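Asker: What follows is my_file.cif, made up of mmCIF, C-alpha atoms and all ligand atoms:
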data_coords
#
loop_
_atom_site.label_atom_id
_atom_site.label_comp_id
_atom_site.auth_asym_id
_atom_site.auth_seq_id
_atom_site.Cartn_x
_atom_site.Cartn_y
_atom_site.Cartn_z
CA MET A 554 124.04 111.50 92.16
CA ARG A 555 122.12 108.89 90.22
CA GLY A 556 118.55 107.85 91.07
CA ALA A 557 115.37 106.32 89.65
CA ILE A 558 113.44 108.26 87.03
CA LEU A 559 110.23 107.03 85.37
CA TYR A 560 110.22 108.01 81.71
CA GLY A 561 106.96 106.35 80.71
CA PRO A 562 105.02 103.12 81.20
CA ARG A 563 107.43 100.33 82.27
CA ASP A 564 110.44 102.57 81.57
CA VAL A 565 112.39 103.19 84.80
CA ARG A 566 115.98 104.35 84.39
CA PHE A 567 118.80 104.88 86.85
CA GLU A 568 120.05 108.28 85.82
CA GLU A 569 121.85 111.41 86.85
CA ARG A 570 119.74 113.69 89.05
CA PRO A 571 120.68 116.90 90.87
CA ASP A 572 122.13 116.30 94.36
CA PRO A 573 119.48 117.30 96.91
CA LYS A 574 120.33 120.36 98.99
CA ILE A 575 118.78 122.40 101.79
CA ILE A 576 116.12 124.63 100.21
CA GLU A 577 114.05 125.62 103.25
CA PRO A 578 115.58 126.11 106.74
CA THR A 579 113.34 123.29 108.04
CA ASP A 580 114.88 120.71 105.64
CA ALA A 581 117.24 117.83 106.36
CA ILE A 582 119.41 115.90 103.93
CA LEU A 583 119.69 112.13 104.50
CA LYS A 584 122.22 109.61 103.24
CA LEU A 585 119.91 106.66 102.70
CA SER A 586 120.71 103.22 104.10
CA ALA A 587 117.87 101.60 102.17
CA THR A 588 114.88 102.46 100.01
CA CYS A 589 112.36 100.33 98.11
CA VAL A 590 109.63 100.04 95.51
CA CYS A 591 106.04 100.48 96.73
CA GLY A 592 102.96 98.69 95.39
CA SER A 593 101.59 102.18 94.71
CA ASP A 594 104.64 102.93 92.49
CA LEU A 595 103.27 100.24 90.15
CA TRP A 596 100.26 102.40 89.23
CA PRO A 597 102.31 105.08 87.41
CA TYR A 598 104.75 102.36 86.28
CA ARG A 599 101.84 100.69 84.47
CA GLY A 600 100.74 104.02 82.99
CA ILE A 601 97.71 104.38 85.31
CA ASP A 602 97.58 107.79 87.06
CA ALA A 603 100.26 108.71 84.53
CA PRO A 604 102.39 111.51 86.00
CA ALA A 605 104.18 114.14 83.92
CA TYR A 606 107.12 112.08 82.65
CA PRO A 607 109.99 112.00 83.35
CA THR A 608 109.53 111.94 87.12
CA PRO A 609 111.76 110.89 90.04
CA MET A 610 110.38 107.90 92.00
CA GLY A 611 110.29 106.57 95.54
CA HIS A 612 108.84 107.64 98.90
CA GLU A 613 110.08 105.07 101.46
CA TYR A 614 113.36 105.73 103.22
CA CYS A 615 115.59 105.48 106.26
CA GLY A 616 119.16 106.57 106.79
CA ILE A 617 121.64 108.89 108.43
CA VAL A 618 121.13 112.63 108.76
CA GLU A 619 123.89 114.37 106.84
CA GLU A 620 122.90 118.02 107.18
CA VAL A 621 120.06 120.08 108.64
CA GLY A 622 118.70 123.55 107.87
CA SER A 623 119.11 126.48 110.27
CA ALA A 624 115.58 126.13 111.74
CA VAL A 625 115.83 122.40 112.56
CA ARG A 626 115.97 121.94 116.34
CA ASN A 627 115.51 118.27 117.23
CA ILE A 628 117.00 116.29 114.36
CA LYS A 629 120.81 116.22 114.35
CA PRO A 630 123.47 115.16 111.86
CA GLY A 631 124.64 111.61 112.55
CA GLN A 632 121.25 110.33 113.77
CA PHE A 633 119.60 107.35 112.07
CA VAL A 634 116.06 108.37 111.16
CA VAL A 635 112.86 107.06 109.58
CA GLY A 636 110.11 109.20 108.09
CA SER A 637 106.76 108.68 106.43
CA PHE A 638 105.83 109.08 102.76
CA PHE A 639 104.22 112.40 103.74
CA ALA A 640 106.32 115.07 105.38
CA SER A 641 104.29 116.86 108.06
CA ASP A 642 104.86 119.66 110.57
CA ASN A 643 103.39 117.54 113.41
CA THR A 644 102.10 120.74 115.06
CA CYS A 645 98.96 121.84 113.15
CA PRO A 646 95.49 120.85 114.46
CA ILE A 647 95.21 117.96 111.98
CA CYS A 648 98.63 116.56 113.00
CA GLN A 649 97.80 117.03 116.67
CA ALA A 650 94.65 114.96 116.12
CA GLY A 651 96.85 112.17 114.69
CA TYR A 652 96.21 112.61 110.95
CA GLN A 653 99.68 113.77 109.89
CA SER A 654 99.18 112.44 106.34
CA ARG A 655 96.65 115.26 105.92
CA CYS A 656 98.78 117.91 107.66
CA VAL A 657 97.82 121.42 106.51
CA ASP A 658 101.40 121.61 105.18
CA ALA A 659 101.76 117.95 104.05
CA ARG A 660 104.43 117.34 101.40
CA LEU A 661 104.39 114.16 99.34
CA MET A 662 107.84 112.58 99.62
CA GLY A 663 107.47 110.99 96.19
CA ALA A 664 108.17 114.44 94.77
CA GLU A 665 111.66 114.26 96.33
CA GLY A 666 112.37 110.84 94.76
CA ALA A 667 113.57 108.51 97.54
CA GLN A 668 114.89 105.81 95.18
CA ALA A 669 118.27 107.54 95.32
CA PRO A 670 121.35 107.60 97.57
CA TRP A 671 120.51 111.02 99.01
CA LEU A 672 117.18 112.58 99.98
CA ARG A 673 115.88 115.97 101.01
CA VAL A 674 113.22 115.77 103.74
CA PRO A 675 111.13 118.91 104.28
CA LEU A 676 109.77 119.73 107.78
CA ALA A 677 112.49 117.54 109.30
CA ASP A 678 111.55 118.09 112.95
CA GLY A 679 107.93 117.12 112.36
CA THR A 680 108.58 114.31 109.90
CA LEU A 681 111.61 112.34 111.09
CA VAL A 682 111.88 110.01 114.08
CA ALA A 683 115.35 108.98 115.27
CA THR A 684 116.17 105.45 116.41
CA PRO A 685 117.81 105.02 119.87
CA ASP A 686 121.18 104.35 118.24
CA ILE A 687 122.66 103.41 114.85
CA PRO A 688 120.87 100.12 114.02
CA SER A 689 122.62 96.90 113.20
CA ASP A 690 122.34 95.96 109.54
CA ASP A 691 119.76 93.21 110.03
CA LEU A 692 117.27 95.73 111.48
CA ILE A 693 117.36 97.98 108.42
CA PRO A 694 114.64 96.14 106.37
CA SER A 695 112.16 96.28 109.26
CA LEU A 696 112.96 99.93 110.00
CA LEU A 697 112.44 100.72 106.33
CA ALA A 698 109.10 98.87 106.47
CA THR A 699 107.89 101.23 109.22
CA SER A 700 108.27 104.11 106.71
CA ASP A 701 105.23 102.92 104.77
CA VAL A 702 103.96 99.34 104.59
CA PHE A 703 104.14 98.48 108.30
CA GLY A 704 102.82 101.92 109.29
CA THR A 705 100.02 101.59 106.74
CA GLY A 706 99.12 98.05 107.82
CA TRP A 707 99.11 99.23 111.43
CA PHE A 708 96.82 102.17 110.63
CA ALA A 709 94.48 99.81 108.74
CA ALA A 710 94.22 97.52 111.77
CA ASP A 711 93.71 100.50 114.09
CA ALA A 712 91.09 102.01 111.75
CA ALA A 713 89.39 98.59 111.63
CA ASP A 714 89.26 98.74 115.45
CA VAL A 715 91.03 95.40 115.92
CA GLN A 716 90.44 94.24 119.50
CA PRO A 717 91.65 91.32 121.63
CA GLY A 718 89.66 88.16 121.02
CA LYS A 719 87.99 89.40 117.82
CA THR A 720 87.98 88.16 114.22
CA VAL A 721 89.86 90.11 111.54
CA VAL A 722 89.74 89.61 107.78
CA VAL A 723 92.56 90.91 105.59
CA VAL A 724 91.72 91.61 101.94
CA GLY A 725 94.95 91.99 99.94
CA ASP A 726 98.07 89.84 100.29
CA GLY A 727 100.62 92.50 99.30
CA ALA A 728 103.15 93.91 101.75
CA VAL A 729 100.56 96.18 103.42
CA GLY A 730 98.02 93.38 103.94
CA LEU A 731 100.78 91.15 105.32
CA CYS A 732 101.88 93.92 107.70
CA GLY A 733 98.21 94.28 108.67
CA VAL A 734 98.41 90.67 109.87
CA ILE A 735 101.37 91.57 112.13
CA ALA A 736 99.43 94.54 113.48
CA ALA A 737 96.27 92.50 114.12
CA ARG A 738 98.38 89.90 115.98
CA GLN A 739 100.03 92.60 118.11
CA MET A 740 96.60 94.08 118.89
CA GLY A 741 95.44 90.71 120.21
CA ALA A 742 93.04 89.49 117.53
CA GLU A 743 92.02 85.88 118.10
CA ARG A 744 91.30 84.93 114.54
CA ILE A 745 93.06 86.51 111.53
CA ILE A 746 91.78 85.38 108.15
CA MET A 747 93.99 86.24 105.18
CA MET A 748 92.31 86.21 101.76
CA SER A 749 95.00 85.07 99.33
CA HIS A 750 95.45 82.58 96.54
CA HIS A 751 99.23 83.02 96.31
CA GLU A 752 101.20 80.31 98.09
CA THR A 753 104.32 82.31 99.09
CA ARG A 754 102.16 85.09 100.52
CA GLN A 755 99.92 82.62 102.39
CA LYS A 756 103.01 81.17 104.07
CA LEU A 757 104.27 84.56 105.15
CA ALA A 758 100.79 85.50 106.42
CA LEU A 759 100.73 82.36 108.58
CA GLU A 760 104.22 83.14 109.85
CA PHE A 761 103.07 86.67 110.76
CA GLY A 762 100.14 85.28 112.76
CA ALA A 763 97.25 84.59 110.37
CA THR A 764 95.12 81.70 111.64
CA ASP A 765 93.17 80.94 108.44
CA ILE A 766 93.59 81.35 104.69
CA VAL A 767 90.67 81.87 102.32
CA THR A 768 91.54 81.40 98.66
CA GLU A 769 88.13 82.28 97.19
CA ARG A 770 87.49 85.83 96.01
CA GLY A 771 84.43 88.04 95.43
CA ASP A 772 81.03 86.58 96.41
CA LYS A 773 82.53 83.14 97.06
CA GLY A 774 85.12 84.67 99.38
CA VAL A 775 82.40 86.57 101.24
CA ALA A 776 80.35 83.35 101.59
CA ARG A 777 83.39 81.60 103.11
CA ILE A 778 83.88 84.42 105.66
CA LYS A 779 80.19 84.24 106.61
CA ASP A 780 80.51 80.45 107.03
CA MET A 781 83.47 80.93 109.35
CA THR A 782 81.75 83.59 111.51
CA ASP A 783 78.34 82.03 112.29
CA GLY A 784 76.85 83.88 109.34
CA LEU A 785 77.68 87.28 110.87
CA GLY A 786 80.85 88.50 109.17
CA ALA A 787 84.09 89.69 110.79
CA HIS A 788 84.38 92.32 113.52
CA SER A 789 87.22 94.04 111.64
CA VAL A 790 88.26 94.05 107.99
CA ILE A 791 91.48 95.45 106.52
CA GLU A 792 91.16 96.46 102.86
CA ALA A 793 94.62 96.75 101.27
CA VAL A 794 93.97 96.69 97.52
CA GLY A 795 91.95 99.73 96.41
CA THR A 796 89.73 98.17 93.74
CA GLN A 797 85.92 98.02 93.56
CA GLU A 798 85.98 94.24 94.05
CA ALA A 799 88.19 94.44 97.14
CA MET A 800 86.15 97.24 98.68
CA MET A 801 82.81 95.46 98.18
CA GLN A 802 84.33 92.18 99.40
CA SER A 803 85.43 94.06 102.54
CA ILE A 804 82.05 95.71 103.19
CA ARG A 805 80.18 92.43 102.65
CA SER A 806 82.60 90.50 104.92
CA THR A 807 82.01 92.88 107.86
CA ARG A 808 79.24 92.29 110.38
CA PRO A 809 76.80 95.11 111.15
CA GLY A 810 78.51 97.38 113.67
CA GLY A 811 81.93 96.17 112.53
CA HIS A 812 84.81 98.29 111.27
CA ILE A 813 86.70 98.53 107.98
CA GLY A 814 90.15 100.11 107.66
CA PHE A 815 90.72 100.80 103.96
CA VAL A 816 94.22 101.71 102.88
CA GLY A 817 94.50 100.41 99.30
CA VAL A 818 94.87 103.53 97.13
CA SER A 819 91.37 103.88 95.69
CA HIS A 820 91.10 103.37 91.94
CA GLY A 821 87.62 103.83 90.47
CA VAL A 822 85.85 102.68 93.65
CA GLN A 823 82.19 103.76 93.77
CA LEU A 824 80.15 102.78 96.80
CA PRO A 825 76.47 101.94 96.27
CA GLY A 826 74.62 104.16 98.75
CA GLU A 827 71.73 101.85 99.55
CA GLU A 828 73.95 98.82 100.23
CA LEU A 829 76.27 100.98 102.32
CA PHE A 830 73.28 102.34 104.28
CA PHE A 831 72.05 98.89 105.26
CA ALA A 832 75.53 97.41 105.77
CA GLU A 833 75.76 99.55 108.93
CA VAL A 834 79.56 99.40 109.16
CA HIS A 835 82.22 101.87 110.28
CA LEU A 836 84.52 103.06 107.48
CA LEU A 837 87.85 104.79 108.05
CA GLY A 838 90.67 104.90 105.55
CA GLY A 839 92.98 106.97 103.43
CA PRO A 840 96.71 107.61 103.27
CA ALA A 841 97.99 106.26 106.58
CA PRO A 842 99.18 108.83 109.14
CA VAL A 843 102.33 106.77 109.59
CA ARG A 844 104.02 109.52 111.61
CA ARG A 845 101.51 108.93 114.46
CA TYR A 846 102.68 105.34 114.82
CA LEU A 847 106.42 105.66 114.05
CA PRO A 848 107.74 105.88 117.64
CA GLU A 849 105.74 102.80 118.70
CA LEU A 850 106.61 100.79 115.57
CA ILE A 851 110.32 101.66 115.71
CA ASP A 852 110.29 100.50 119.33
CA LEU A 853 108.67 97.15 118.40
CA VAL A 854 111.28 96.62 115.68
CA TRP A 855 114.14 97.75 117.92
CA LYS A 856 113.12 95.21 120.58
CA ARG A 857 112.81 92.56 117.85
CA GLN A 858 109.19 91.83 118.74
CA VAL A 859 108.14 92.05 115.08
CA ASN A 860 109.92 91.48 111.80
CA PRO A 861 107.97 93.29 109.06
CA GLY A 862 111.19 93.43 107.00
CA LYS A 863 110.37 89.88 105.91
CA VAL A 864 108.03 91.36 103.28
CA PHE A 865 111.20 92.22 101.33
CA ASP A 866 111.80 89.00 99.44
CA LEU A 867 114.14 90.65 96.94
CA THR A 868 117.17 92.85 97.67
CA LEU A 869 119.01 94.57 94.85
CA PRO A 870 121.65 97.27 94.49
CA LEU A 871 119.96 100.59 93.73
CA ASP A 872 121.37 100.70 90.20
CA GLN A 873 119.17 97.67 89.39
CA VAL A 874 115.99 99.57 90.26
CA ALA A 875 114.45 98.74 86.86
CA GLU A 876 114.63 95.02 87.67
CA ALA A 877 113.03 95.72 91.07
CA TYR A 878 110.00 97.26 89.31
CA ARG A 879 109.81 94.37 86.81
CA ALA A 880 109.91 91.75 89.58
CA MET A 881 107.08 93.43 91.49
CA ASP A 882 105.04 94.15 88.36
CA GLU A 883 105.22 90.46 87.38
CA ARG A 884 104.49 89.45 91.01
CA ARG A 885 107.81 87.57 91.20
CA ALA A 886 108.55 89.60 94.35
CA ILE A 887 106.28 90.83 97.14
CA LYS A 888 108.49 93.87 97.73
CA ALA A 889 111.95 94.85 96.57
CA LEU A 890 114.50 96.52 98.86
CA LEU A 891 117.16 98.70 97.23
CA ARG A 892 120.61 99.33 98.67
CA PRO A 893 122.25 102.58 97.56
ZN ZN A 901 100.41 119.34 110.41
#
Starting from the coordinates I provided, produce the structure as structure tokens.
Ligand SMILES: [Zn+2]
Answerer:
Amino acid sequence: MRGAILYGPRDVRFEERPDPKIIEPTDAILKLSATCVCGSDLWPYRGIDAPAYPTPMGHEYCGIVEEVGSAVRNIKPGQFVVGSFFASDNTCPICQAGYQSRCVDARLMGAEGAQAPWLRVPLADGTLVATPDIPSDDLIPSLLATSDVFGTGWFAADAADVQPGKTVVVVGDGAVGLCGVIAARQMGAERIIMMSHHETRQKLALEFGATDIVTERGDKGVARIKDMTDGLGAHSVIEAVGTQEAMMQSIRSTRPGGHIGFVGVSHGVQLPGEELFFAEVHLLGGPAPVRRYLPELIDLVWKRQVNPGKVFDLTLPLDQVAEAYRAMDERRAIKALLRP
């Protein structure tokens, strides 16, 4: 088969790769219906966190089960399935507590390279969730979104303890922040303030349920949030960027006793202890345990109560994967969907 391989900074090629096959008896092989480029793929693409090149790319996926290993019990060939960017056994104490992304046997799906027509999924029974039936084509983008961005946005809102009637701030107007708006709306937040200075993303945020847009950043952005919340700050803040500026903006926008869900992959963030001490906020973040939420999120998509697939504002055939990276790198696209 041919799939995406990153050869170096800004050098993605669509090239011959070995066909995936069953290696462990707990594996499944999927024929992918769709895959995509993640905001986090842009870090190695830009030469930050440089991996050992060349490396296969991609960790978001959904599709039809083609084959399963001899120890797979619940997942069957012919099912349409979605899985997270971490494979997990879903049985260890960490999984049972709902933190499948830190499963004692977690496997990073990026290593399998999901930007390809076929994919090996380890720990298939623990990782994959089947849809009630084969989905109609228009549901595929939203089902794909549950694999990472919607699941991550949902975790961020849950970690930020979003509650009915409360005020939520979203820092980061990428696909995850936008999905965080959907989650906050579903969880009953009264006021959802999206911090964004990008017109297309503001529009989508409003469509997803944001009630206010703040275009200022840094200290000015924090001052605006304080103005809007009687000087107190928000009850809940979703941080979906991963930079020092975004993290401090999030902490300073949260009222004492409030909660921050931080899901932007941390890059060089250092928290000042004394400010953190007196901020008196709850902090929970990390790689989202998407597997915990998959059944609920698939159900919401299946019943057409949410449409997170709208974050895909560019769809390309898989062989144009290099253009998908360029479009996201240059912020011409929020998120690019790839059709094998
Ligand atoms: Zn586990």
Asker: Would you mind listing the residues within 6 Å of ligand ZN 901 (chain A), counting all atoms listed in the file, as a PyMOL selection string?
Answerer: chain A and resi 641-645+647-648+653+656-658
Asker: Mind checking which residues fall within 12 Å of Ile804 (chain A), counting only C-alpha atoms, ignoring those fewer than 3 positions away in the same chain, and posting them as an MDAnalysis selection string?
Answerer: chainID A and resid 713 722:724 771:772 775 778 786:792 797:801 807:815 824:825 828:837
Asker: How would you write as a short mmCIF file (atom, residue, chain, number, x, y, z; two decimals) with C-alpha atoms, in the coordinates of the input the residues that get within 8 Å of (118.1, 98.4, 100.7) in the file's frame, counting only C-alpha atoms?
Answerer:
data_model
loop_
_atom_site.label_atom_id
_atom_site.label_comp_id
_atom_site.auth_asym_id
_atom_site.auth_seq_id
_atom_site.Cartn_x
_atom_site.Cartn_y
_atom_site.Cartn_z
CA SER A 586 120.71 103.22 104.10
CA ALA A 587 117.87 101.60 102.17
CA THR A 588 114.88 102.46 100.01
CA CYS A 589 112.36 100.33 98.11
CA ILE A 693 117.36 97.98 108.42
CA PRO A 694 114.64 96.14 106.37
CA THR A 868 117.17 92.85 97.67
CA LEU A 869 119.01 94.57 94.85
CA PRO A 870 121.65 97.27 94.49
CA LEU A 871 119.96 100.59 93.73
CA LEU A 890 114.50 96.52 98.86
CA LEU A 891 117.16 98.70 97.23
CA ARG A 892 120.61 99.33 98.67
CA PRO A 893 122.25 102.58 97.56
#
Asker: Residues within 10 Å of Tyr878 (chain A), please, as a ChimeraX atom specification. Count only C-alpha atoms; anything in the same chain fewer than 6 positions from it doesn't count.
Answerer: /A:563-565,589-592,594-595,598,884,886,888-889
Asker: Can you work out the spacing between CA of Ala624 (chain A) and CA of Pro573 (chain A) in Å, to one decimal?
Answerer: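 Result for CA of Ala624 (chain A) versus CA of Pro573 (chain A): 17.7 Å, one decimal.
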Asker: Which one is closest to Gly730 (chain A): A:Gly817, A:Arg770, A:Glu665, A:Arg599? Count only C-alpha atoms.
Answerer: A:Gly817
Asker: Fewer than 3 positions away in the same chain doesn't count, so skip those; otherwise give me all residues within 7 Å of Ala677 (chain A), counting only C-alpha atoms, as a compact mmCIF listing (two decimals) with C-alpha atoms, keeping the file's coordinate frame.
Answerer:
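Done, and the output landed in part00.txt:
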# COMPACT_ATOMS: atom_id res chain seq x y z
CA THR A 579 113.34 123.29 108.04
CA ASP A 580 114.88 120.71 105.64
CA ALA A 581 117.24 117.83 106.36
CA VAL A 625 115.83 122.40 112.56
CA ILE A 628 117.00 116.29 114.36
CA VAL A 674 113.22 115.77 103.74
CA THR A 680 108.58 114.31 109.90
CA LEU A 681 111.61 112.34 111.09
Asker: Which residues are near Tyr652 (chain A)? Cut-off 8 Å, all atoms listed in the file, ignore same chain within fewer than 5 positions. Put them as a PDB file with C-alpha atoms, keeping the file's coordinate frame.
Answerer:
ATOM      1  CA  ILE A 647      95.210 117.960 111.980  1.00  0.00           C
ATOM      2  CA  ALA A 841      97.990 106.260 106.580  1.00  0.00           C
ATOM      3  CA  PRO A 842      99.180 108.830 109.140  1.00  0.00           C
ATOM      4  CA  ARG A 845     101.510 108.930 114.460  1.00  0.00           C
TER       5      ARG A 845
END
Asker: I'd like the neighbourhood of Pro861 (chain A) as a PyMOL selection string, where a residue qualifies if any of its atoms comes within 10 Å (using only C-alpha atoms), though same-chain residues fewer than 2 positions away should be ignored.
Answerer: chain A and resi 692+694-699+702-703+728-729+731-736+761+854+858-859+863-865
Asker: With all atoms listed in the file as the basis for distance, which of A:Leu847, A:Val874, A:Leu583, A:Met747 is at the shortest distance from Gly616 (chain A)?
Answerer: A:Leu583
